[in-house]
file input-v3.cif (mmCIF, C-alpha atoms)
data_data
loop_
_atom_site.label_atom_id
_atom_site.label_comp_id
_atom_site.auth_asym_id
_atom_site.auth_seq_id
_atom_site.Cartn_x
_atom_site.Cartn_y
_atom_site.Cartn_z
CA MET F 30 116.84 92.51 76.49
CA THR F 31 115.84 90.69 73.31
CA ASP F 32 113.42 92.01 70.70
CA THR F 33 110.96 89.21 71.50
CA PHE F 34 108.39 90.00 74.16
CA ASP F 35 106.22 87.25 75.63
CA LYS F 36 102.68 88.49 76.33
CA SER F 37 101.46 85.25 77.91
CA LEU F 38 100.59 85.16 81.59
CA THR F 39 100.18 82.08 83.77
CA PRO F 40 96.87 81.67 85.61
CA ALA F 41 98.71 82.06 88.92
CA ASN F 42 100.31 85.34 87.86
CA TYR F 43 97.04 86.62 86.43
CA GLY F 44 95.47 85.87 89.81
CA LEU F 45 98.29 87.70 91.60
CA LEU F 46 97.85 90.69 89.29
CA ARG F 47 94.10 90.78 89.93
CA LYS F 48 94.64 90.63 93.70
CA MET F 49 97.20 93.44 93.64
CA LEU F 50 95.00 95.72 91.49
CA LYS F 51 92.06 95.14 93.81
CA GLU F 52 94.17 96.10 96.83
CA VAL F 53 95.77 99.21 95.31
CA SER F 54 92.99 100.75 93.22
CA GLY F 55 89.88 98.64 93.71
CA LEU F 56 89.90 97.68 90.03
CA ASN F 57 87.99 94.46 89.44
CA LEU F 58 89.94 92.76 86.66
CA THR F 59 87.65 90.05 85.31
CA ASP F 60 88.68 86.87 83.51
CA ASN F 61 87.96 88.35 80.07
CA LYS F 62 90.27 91.35 80.40
CA MET F 63 93.56 89.71 79.44
CA TYR F 64 93.64 91.82 76.28
CA LEU F 65 93.83 94.95 78.45
CA VAL F 66 96.74 93.53 80.39
CA GLU F 67 98.61 92.75 77.18
CA THR F 68 97.94 96.21 75.76
CA ARG F 69 98.65 98.35 78.80
CA LEU F 70 101.44 96.54 80.63
CA GLN F 71 103.92 95.92 77.83
CA THR F 72 105.30 99.45 78.12
CA ILE F 73 105.72 99.07 81.90
CA ALA F 74 107.43 95.69 81.50
CA LYS F 75 109.86 97.03 78.92
CA ALA F 76 110.64 100.07 81.06
CA TYR F 77 111.68 97.67 83.83
CA LYS F 78 113.74 95.62 81.32
CA TYR F 79 111.49 92.58 81.57
CA ASN F 80 111.12 90.22 78.60
CA SER F 81 107.61 89.04 79.45
CA LEU F 82 104.45 89.85 81.40
CA ASN F 83 105.22 86.90 83.66
CA GLN F 84 108.55 88.50 84.61
CA LEU F 85 106.72 91.77 85.29
CA VAL F 86 104.24 90.14 87.67
CA ASP F 87 107.04 88.12 89.28
CA GLY F 88 108.64 91.48 90.01
CA LEU F 89 105.78 92.16 92.43
CA LYS F 90 107.48 89.69 94.75
CA GLY F 91 110.80 91.55 94.68
CA PRO F 92 112.43 94.69 96.11
CA LEU F 93 110.74 97.05 93.61
CA LEU F 94 107.34 95.99 94.93
CA GLN F 95 105.86 99.35 95.93
CA LYS F 96 106.92 101.37 92.90
CA LEU F 97 105.95 98.57 90.55
CA ARG F 98 102.53 98.21 92.20
CA ILE F 99 101.83 101.88 91.60
CA ASP F 100 103.13 101.89 88.02
CA ILE F 101 101.06 98.83 87.09
CA SER F 102 97.92 100.18 88.78
CA GLU F 103 98.23 103.54 87.02
CA ALA F 104 98.75 101.82 83.67
CA MET F 105 95.69 99.62 84.16
CA ALA F 106 93.48 102.52 85.21
CA THR F 107 91.44 104.00 82.37
CA PRO F 108 92.04 107.77 82.22
CA GLU F 109 89.64 108.14 79.29
CA THR F 110 88.12 111.58 79.64
CA PHE F 111 87.57 114.74 77.69
CA PHE F 112 86.14 118.21 78.16
CA PHE F 113 82.34 118.32 78.61
CA ARG F 114 82.20 114.55 78.19
CA ASP F 115 78.71 113.46 77.05
CA LYS F 116 77.62 117.14 77.26
CA LYS F 117 74.22 116.41 78.85
CA PRO F 118 75.49 116.12 82.47
CA PHE F 119 77.04 119.58 82.17
CA ASP F 120 73.78 121.01 80.82
CA GLN F 121 71.99 119.33 83.72
CA PHE F 122 74.49 120.80 86.16
CA LYS F 123 73.99 124.31 84.80
CA ASN F 124 70.25 124.29 84.18
CA TYR F 125 68.82 121.86 86.73
CA VAL F 126 71.20 121.12 89.59
CA LEU F 127 72.85 124.49 90.12
CA PRO F 128 69.60 126.50 90.50
CA ARG F 129 68.28 124.00 93.06
CA ILE F 130 71.49 123.96 95.06
CA MET F 131 71.51 127.75 95.02
CA GLU F 132 67.97 127.82 96.39
CA ALA F 133 68.91 125.35 99.14
CA ASN F 134 72.07 127.30 100.05
CA LYS F 135 70.84 130.86 99.59
CA SER F 136 71.55 131.72 103.23
CA THR F 137 75.25 130.79 103.01
CA LYS F 138 75.97 131.32 99.30
CA ASN F 139 78.47 128.46 99.45
CA ILE F 140 78.58 125.48 97.08
CA ASN F 141 81.02 122.59 97.41
CA ILE F 142 81.59 120.32 94.41
CA TRP F 143 83.60 117.09 94.33
CA CYS F 144 84.81 115.37 91.15
CA SER F 145 85.65 112.04 92.77
CA ALA F 146 87.44 110.38 89.83
CA SER F 147 88.83 113.38 88.01
CA SER F 148 91.53 111.69 85.93
CA SER F 149 93.56 114.29 84.00
CA GLY F 150 91.34 117.21 84.96
CA GLN F 151 88.98 117.79 82.04
CA GLU F 152 85.83 117.24 84.12
CA PRO F 153 86.60 119.71 86.95
CA TYR F 154 87.93 122.30 84.51
CA SER F 155 84.74 121.94 82.45
CA LEU F 156 82.71 122.70 85.58
CA ALA F 157 85.02 125.60 86.38
CA MET F 158 84.34 127.08 82.94
CA ILE F 159 80.58 126.91 83.50
CA ILE F 160 80.94 128.57 86.89
CA ASP F 161 83.27 131.23 85.52
CA GLU F 162 80.69 132.11 82.86
CA LEU F 163 78.10 132.73 85.61
CA LYS F 164 80.24 134.46 88.24
CA SER F 165 79.33 137.99 87.15
CA THR F 166 75.59 137.24 86.88
CA THR F 167 73.81 134.30 88.49
CA LEU F 168 76.68 133.38 90.80
CA ALA F 169 77.75 136.90 91.75
CA GLY F 170 78.60 136.89 95.45
CA TRP F 171 78.73 133.11 95.69
CA HIS F 172 81.72 131.08 96.91
CA ILE F 173 82.23 127.88 94.89
CA LYS F 174 84.81 125.23 95.75
CA ILE F 175 85.75 122.40 93.39
CA LEU F 176 87.67 119.45 94.80
CA ALA F 177 89.02 116.96 92.26
CA SER F 178 90.53 113.63 93.26
CA ASP F 179 92.13 110.55 91.76
CA PHE F 180 94.19 107.67 93.15
CA SER F 181 96.98 108.16 90.59
CA ASP F 182 99.71 110.69 91.39
CA LYS F 183 100.84 110.53 87.77
CA ILE F 184 97.48 111.58 86.36
CA LEU F 185 97.05 114.22 89.08
CA ARG F 186 100.36 115.80 88.07
CA LYS F 187 99.02 116.21 84.55
CA ALA F 188 95.77 117.66 85.86
CA LYS F 189 97.58 120.18 88.06
CA THR F 190 99.91 121.17 85.21
CA ALA F 191 96.78 121.80 83.09
CA ILE F 192 98.50 121.55 79.71
CA TYR F 193 96.53 119.79 76.98
CA SER F 194 97.36 118.73 73.45
CA GLN F 195 95.58 119.91 70.33
CA PHE F 196 93.80 116.56 70.21
CA GLU F 197 92.61 116.89 73.81
CA VAL F 198 91.17 120.38 73.41
CA GLN F 199 89.40 119.36 70.22
CA ARG F 200 87.42 116.67 72.07
CA GLY F 201 84.24 118.35 73.32
CA LEU F 202 85.61 121.80 74.15
CA PRO F 203 83.62 124.65 72.53
CA ILE F 204 85.88 126.99 70.58
CA GLN F 205 84.72 130.03 72.56
CA TYR F 206 85.83 128.36 75.80
CA LEU F 207 89.16 127.42 74.26
CA MET F 208 89.83 131.01 73.22
CA LYS F 209 88.75 132.45 76.57
CA HIS F 210 90.22 130.00 79.07
CA PHE F 211 93.38 128.67 77.39
CA THR F 212 96.66 130.07 76.12
CA GLN F 213 98.48 128.29 73.30
CA LYS F 214 102.20 127.70 73.79
CA ASP F 215 104.83 125.49 72.16
CA ASP F 216 104.07 122.56 74.47
CA GLY F 217 100.29 122.73 74.16
CA TRP F 218 97.22 124.58 75.39
CA HIS F 219 97.57 125.93 78.94
CA VAL F 220 94.55 126.46 81.18
CA LYS F 221 94.65 130.05 82.40
CA ASP F 222 95.55 130.64 86.04
CA ASN F 223 92.18 132.03 87.10
CA LEU F 224 90.54 128.74 86.07
CA LYS F 225 93.33 126.57 87.52
CA ASN F 226 92.95 128.33 90.85
CA MET F 227 89.30 127.30 91.05
CA VAL F 228 90.19 123.59 91.38
CA GLU F 229 91.98 121.81 94.22
CA PHE F 230 93.43 118.39 93.38
CA ARG F 231 93.90 115.67 96.01
CA ASN F 232 95.06 112.07 95.93
CA PHE F 233 92.18 109.86 97.03
CA ASN F 234 91.16 106.23 96.55
CA LEU F 235 87.39 105.73 96.32
CA LEU F 236 87.63 102.67 98.55
CA GLN F 237 88.79 104.89 101.42
CA SER F 238 86.51 106.88 103.70
CA PRO F 239 86.04 110.43 102.31
CA ALA F 240 84.99 111.88 105.67
CA HIS F 241 88.16 113.99 105.94
CA LEU F 242 87.48 115.68 102.58
CA GLY F 243 84.50 117.68 103.85
CA ARG F 244 80.85 117.80 102.82
CA PHE F 245 79.50 118.39 99.36
CA ASP F 246 76.45 119.73 97.54
CA VAL F 247 77.31 118.14 94.19
CA ILE F 248 79.37 114.99 93.58
CA PHE F 249 80.49 113.72 90.19
CA CYS F 250 81.35 110.00 90.16
CA ARG F 251 80.90 109.29 86.48
CA ASN F 252 82.08 106.30 84.45
CA VAL F 253 84.04 104.70 87.26
CA LEU F 254 81.72 102.49 89.34
CA PHE F 255 81.53 99.79 86.68
CA TYR F 256 85.21 99.02 87.30
CA PHE F 257 84.37 97.85 90.83
CA GLU F 258 82.68 94.68 92.04
CA SER F 259 79.23 95.01 93.60
CA THR F 260 80.29 95.07 97.25
CA ASP F 261 82.79 97.85 96.57
CA LYS F 262 80.21 99.81 94.54
CA ALA F 263 77.87 99.68 97.52
CA LYS F 264 80.65 100.81 99.85
CA ILE F 265 81.53 103.74 97.59
CA LEU F 266 77.91 104.88 97.22
CA ASN F 267 77.35 104.65 100.97
CA ASN F 268 80.51 106.67 101.57
CA LEU F 269 79.42 109.33 99.07
CA SER F 270 76.06 109.54 100.81
CA GLY F 271 77.85 110.12 104.11
CA VAL F 272 79.53 113.31 102.85
CA MET F 273 76.57 114.63 100.83
CA ASN F 274 74.79 117.70 102.18
CA LYS F 275 71.00 117.70 102.50
CA ARG F 276 69.35 117.98 99.06
CA GLY F 277 72.73 117.50 97.39
CA MET F 278 72.97 115.72 94.05
CA LEU F 279 75.12 112.93 92.62
CA PHE F 280 76.08 112.42 88.97
CA LEU F 281 76.78 108.90 87.71
CA GLY F 282 77.68 107.76 84.19
CA ALA F 283 74.95 106.95 81.68
CA ALA F 284 75.69 103.21 81.96
CA GLU F 285 75.74 103.24 85.77
CA SER F 286 72.96 102.91 88.33
CA THR F 287 72.37 102.47 92.05
CA VAL F 288 69.63 99.87 91.48
CA GLY F 289 70.45 96.59 93.16
CA THR F 290 73.65 98.02 94.57
CA SER F 291 72.82 100.54 97.30
CA ASN F 292 69.74 102.15 98.83
CA ALA F 293 71.69 105.28 99.72
CA PHE F 294 70.65 107.12 96.53
CA GLY F 295 67.65 107.18 94.24
CA ALA F 296 67.25 108.47 90.71
CA ILE F 297 65.58 111.79 89.91
CA LYS F 298 62.87 110.73 87.49
CA THR F 299 63.24 113.63 85.07
CA GLU F 300 67.04 113.77 85.02
CA ARG F 301 68.84 110.69 83.74
CA GLY F 302 72.08 110.06 85.60
CA VAL F 303 71.30 112.44 88.49
CA TYR F 304 70.61 111.10 91.98
CA MET F 305 69.74 112.34 95.46
CA LYS F 306 70.03 110.71 98.85
CA THR F 307 66.99 108.50 99.30
CA GLU F 308 65.52 110.41 102.22
CA ASP F 309 65.88 113.74 100.39
CA LEU F 310 64.39 112.28 97.23
CA GLU F 311 61.33 111.02 99.05
CA ASP F 312 60.83 114.39 100.73
CA SER F 313 61.11 116.24 97.41
CA LYS F 314 58.80 113.84 95.47
CA LEU F 315 61.32 113.70 92.61
CA SER F 316 61.77 109.93 92.64
CA ALA F 317 61.05 107.68 89.69
#
call {"tool": "encode", "arguments": {"input": "input-v3.cif", "output": "structure tokens"}}
result
Amino acid sequence: MTDTFDKSLTPANYGLLRKMLKEVSGLNLTDNKMYLVETRLQTIAKAYKYNSLNQLVDGLKGPLLQKLRIDISEAMATPETFFFRDKKPFDQFKNYVLPRIMEANKSTKNINIWCSASSSGQEPYSLAMIIDELKSTTLAGWHIKILASDFSDKILRKAKTAIYSQFEVQRGLPIQYLMKHFTQKDDGWHVKDNLKNMVEFRNFNLLQSPAHLGRFDVIFCRNVLFYFESTDKAKILNNLSGVMNKRGMLFLGAAESTVGTSNAFGAIKTERGVYMKTEDLEDSKLSA
């Protein structure tokens, strides 16, 4: 392989790449995202000993098709996440959502939570830390399950390993949580076993039906819908509604909304980014 790498991509190969990504991960790669392709796929191309992005995409027609499809899709996915990302949703979960779910489920004392695009695990472990802080007081006697899912086996392996770099634990993680819930070793900061055991990780593509995953009281689907085209967004929201328990609540990212996409959910007027199923919202008079 020469030192020169050609980052250009023919329109036909760009179209093939877009089609493949849509099929594998649902990612809607628009015409103005060529810079992302150049940035994220060079490493994959070089690992396969290709001299250009065109050779990489041509490889999708060859015998390495399945492995290459997965490697490219994982590289193009955006695993940008950090502990307690944006902070406010976690305050809302603790102070607004959790008390209302507890009231609704007081007869069973069970709460099921789903982080539907969990990436490398910071979101579900952040929720686990909040729950752990309350288990001897408010949540004493309660059974809480956290399911975390992602379509990428590679990113799920990192999440299950639960080892984070100094940089990763410095992004949003309060020092008192770091000291209580992590152990520092030569290879990084390890999430302690009691916290790891609170989260179950599963491979799941949001374009699939989630019916087999169970039913949930709280669903986090933050900062992911804007990667999908409108018809797929509607499908995902409708699917989430189908596995949401009565009076359950959905978290979306600050830049995301259900307006004009799906009637399955409506916004809670006092809680930005928090949604309920439309019929539950109308009954509770919490709509905007």
call {"tool": "residues_around", "arguments": {"input": "input-v3.cif", "residues": "Ser81 in chain F", "least_positions_apart": "3", "cutoff": "7 Å", "atoms": "all atoms listed in the file", "output": "PyMOL selection string"}}
result
chain F and resi 34-36+74+84-85
call {"tool": "atom_distance", "arguments": {"input": "input-v3.cif", "atom1": "CA of Glu132 in chain F", "atom2": "CA of Glu162 in chain F"}}
result
19.1 Å
call {"tool": "resolve_selection", "arguments": {"input": "input-v3.cif", "expression": "the PyMOL selection byres ((chain F and resi 255) around 12)", "output": "list in words"}}
result
Gly55, Leu56, Asn57, Leu58, Thr59, Thr107, Cys250, Arg251, Asn252, Val253, Leu254, Tyr256, Phe257, Glu258, Ser259, Thr260, Asp261, Lys262, Ala263, Ile265, Leu281, Gly282, Ala283, Ala284, Glu285, Ser286, Thr287 and Thr290 of chain F
call {"tool": "write_last_selection", "arguments": {"input": "input-v3.cif", "atoms": "C-alpha atoms", "output": "PDB file, in the frame of the given file"}}
result
ATOM      1  CA  GLY F  55      89.880  98.640  93.710  1.00  0.00           C
ATOM      2  CA  LEU F  56      89.900  97.680  90.030  1.00  0.00           C
ATOM      3  CA  ASN F  57      87.990  94.460  89.440  1.00  0.00           C
ATOM      4  CA  LEU F  58      89.940  92.760  86.660  1.00  0.00           C
ATOM      5  CA  THR F  59      87.650  90.050  85.310  1.00  0.00           C
ATOM      6  CA  THR F 107      91.440 104.000  82.370  1.00  0.00           C
ATOM      7  CA  CYS F 250      81.350 110.000  90.160  1.00  0.00           C
ATOM      8  CA  ARG F 251      80.900 109.290  86.480  1.00  0.00           C
ATOM      9  CA  ASN F 252      82.080 106.300  84.450  1.00  0.00           C
ATOM     10  CA  VAL F 253      84.040 104.700  87.260  1.00  0.00           C
ATOM     11  CA  LEU F 254      81.720 102.490  89.340  1.00  0.00           C
ATOM     12  CA  TYR F 256      85.210  99.020  87.300  1.00  0.00           C
ATOM     13  CA  PHE F 257      84.370  97.850  90.830  1.00  0.00           C
ATOM     14  CA  GLU F 258      82.680  94.680  92.040  1.00  0.00           C
ATOM     15  CA  SER F 259      79.230  95.010  93.600  1.00  0.00           C
ATOM     16  CA  THR F 260      80.290  95.070  97.250  1.00  0.00           C
ATOM     17  CA  ASP F 261      82.790  97.850  96.570  1.00  0.00           C
ATOM     18  CA  LYS F 262      80.210  99.810  94.540  1.00  0.00           C
ATOM     19  CA  ALA F 263      77.870  99.680  97.520  1.00  0.00           C
ATOM     20  CA  ILE F 265      81.530 103.740  97.590  1.00  0.00           C
ATOM     21  CA  LEU F 281      76.780 108.900  87.710  1.00  0.00           C
ATOM     22  CA  GLY F 282      77.680 107.760  84.190  1.00  0.00           C
ATOM     23  CA  ALA F 283      74.950 106.950  81.680  1.00  0.00           C
ATOM     24  CA  ALA F 284      75.690 103.210  81.960  1.00  0.00           C
ATOM     25  CA  GLU F 285      75.740 103.240  85.770  1.00  0.00           C
ATOM     26  CA  SER F 286      72.960 102.910  88.330  1.00  0.00           C
ATOM     27  CA  THR F 287      72.370 102.470  92.050  1.00  0.00           C
ATOM     28  CA  THR F 290      73.650  98.020  94.570  1.00  0.00           C
TER      29      THR F 290
END
call {"tool": "closest_residue", "arguments": {"input": "input-v3.cif", "among": "F:Asn267, F:Asn226, F:Gln121, F:Ser178", "to": "Ile297 in chain F", "atoms": "all atoms listed in the file"}}
result
F:Gln121
call {"tool": "resolve_selection", "arguments": {"input": "input-v3.cif", "expression": "the PyMOL selection byres ((chain F and resi 117) around 12)", "output": "ChimeraX atom specification"}}
result
/F:113-116,118-125,201,280-283,300-303
call {"tool": "resolve_selection", "arguments": {"input": "input-v3.cif", "expression": "the PyMOL selection byres ((chain F and resi 176) around 9)", "output": "number ranges by chain"}}
result
F: 141-145, 153, 174-175, 177-178, 227-231, 242
call {"tool": "write_last_selection", "arguments": {"input": "input-v3.cif", "atoms": "C-alpha atoms", "output": "PDB file, keeping the file's coordinate frame"}}
result
ATOM      1  CA  ASN F 141      81.020 122.590  97.410  1.00  0.00           C
ATOM      2  CA  ILE F 142      81.590 120.320  94.410  1.00  0.00           C
ATOM      3  CA  TRP F 143      83.600 117.090  94.330  1.00  0.00           C
ATOM      4  CA  CYS F 144      84.810 115.370  91.150  1.00  0.00           C
ATOM      5  CA  SER F 145      85.650 112.040  92.770  1.00  0.00           C
ATOM      6  CA  PRO F 153      86.600 119.710  86.950  1.00  0.00           C
ATOM      7  CA  LYS F 174      84.810 125.230  95.750  1.00  0.00           C
ATOM      8  CA  ILE F 175      85.750 122.400  93.390  1.00  0.00           C
ATOM      9  CA  ALA F 177      89.020 116.960  92.260  1.00  0.00           C
ATOM     10  CA  SER F 178      90.530 113.630  93.260  1.00  0.00           C
ATOM     11  CA  MET F 227      89.300 127.300  91.050  1.00  0.00           C
ATOM     12  CA  VAL F 228      90.190 123.590  91.380  1.00  0.00           C
ATOM     13  CA  GLU F 229      91.980 121.810  94.220  1.00  0.00           C
ATOM     14  CA  PHE F 230      93.430 118.390  93.380  1.00  0.00           C
ATOM     15  CA  ARG F 231      93.900 115.670  96.010  1.00  0.00           C
ATOM     16  CA  LEU F 242      87.480 115.680 102.580  1.00  0.00           C
TER      17      LEU F 242
END
call {"tool": "residues_near_point", "arguments": {"input": "input-v3.cif", "point": "(99.2, 124.0, 89.3)", "cutoff": "12 Å", "atoms": "only C-alpha atoms", "output": "VMD selection string"}}
result
chain F and resid 150 185 to 192 219 to 231
call {"tool": "residues_around", "arguments": {"input": "input-v3.cif", "residues": "Lys96 in chain F", "least_positions_apart": "6", "cutoff": "12 Å", "atoms": "all atoms listed in the file", "output": "list of chain:residue names"}}
result
F:Val53, F:Ile73, F:Tyr77, F:Gly88, F:Leu89, F:Lys90, F:Ser102, F:Glu103, F:Asp182
call {"tool": "atom_distance", "arguments": {"input": "input-v3.cif", "atom1": "CA of Ile184 in chain F", "atom2": "CA of Tyr64 in chain F"}}
result
22.5 Å
call {"tool": "residues_around", "arguments": {"input": "input-v3.cif", "residues": "Val247 in chain F", "least_positions_apart": "5", "cutoff": "6 Å", "atoms": "only C-alpha atoms", "output": "list in words"}}
result
Ile142, Gly277, Met278 and Leu279 of chain F
call {"tool": "residues_around", "arguments": {"input": "input-v3.cif", "residues": "Phe112 in chain F", "least_positions_apart": "6", "cutoff": "12 Å", "atoms": "only C-alpha atoms", "output": "VMD selection string"}}
result
chain F and resid 118 to 119 147 to 159 193 196 to 204 206 to 207
call {"tool": "axis_aligned_box", "arguments": {"input": "input-v3.cif", "around": "range 261-267 of chain F", "padding_each_side": "4 Å", "output": "lines of an AutoDock Vina configuration file"}}
result
center_x = 80.1
center_y = 101.4
center_z = 97.8
size_x = 13.4
size_y = 15.0
size_z = 14.4
call {"tool": "closest_residue", "arguments": {"input": "input-v3.cif", "among": "F:Gln237, F:Ser291, F:Ser270, F:Thr307", "to": "Ser54 in chain F", "atoms": "all atoms listed in the file"}}
result
F:Gln237
call {"tool": "atom_distance", "arguments": {"input": "input-v3.cif", "atom1": "CA of Phe233 in chain F", "atom2": "CA of Met63 in chain F"}}
result
26.8 Å
call {"tool": "residues_around", "arguments": {"input": "input-v3.cif", "residues": "Asn274 in chain F", "least_positions_apart": "4", "cutoff": "7 Å", "atoms": "all atoms listed in the file", "output": "NGL selection string"}}
result
:F and (244-246)
call {"tool": "closest_residue", "arguments": {"input": "input-v3.cif", "among": "F:Ser194, F:Thr137, F:Met131, F:Ile99", "to": "Leu168 in chain F", "atoms": "only C-alpha atoms"}}
result
F:Met131
call {"tool": "closest_residue", "arguments": {"input": "input-v3.cif", "among": "F:Ser238, F:Gln195, F:Asn268, F:Asn83", "to": "Leu46 in chain F", "atoms": "all atoms listed in the file"}}
result
F:Asn83
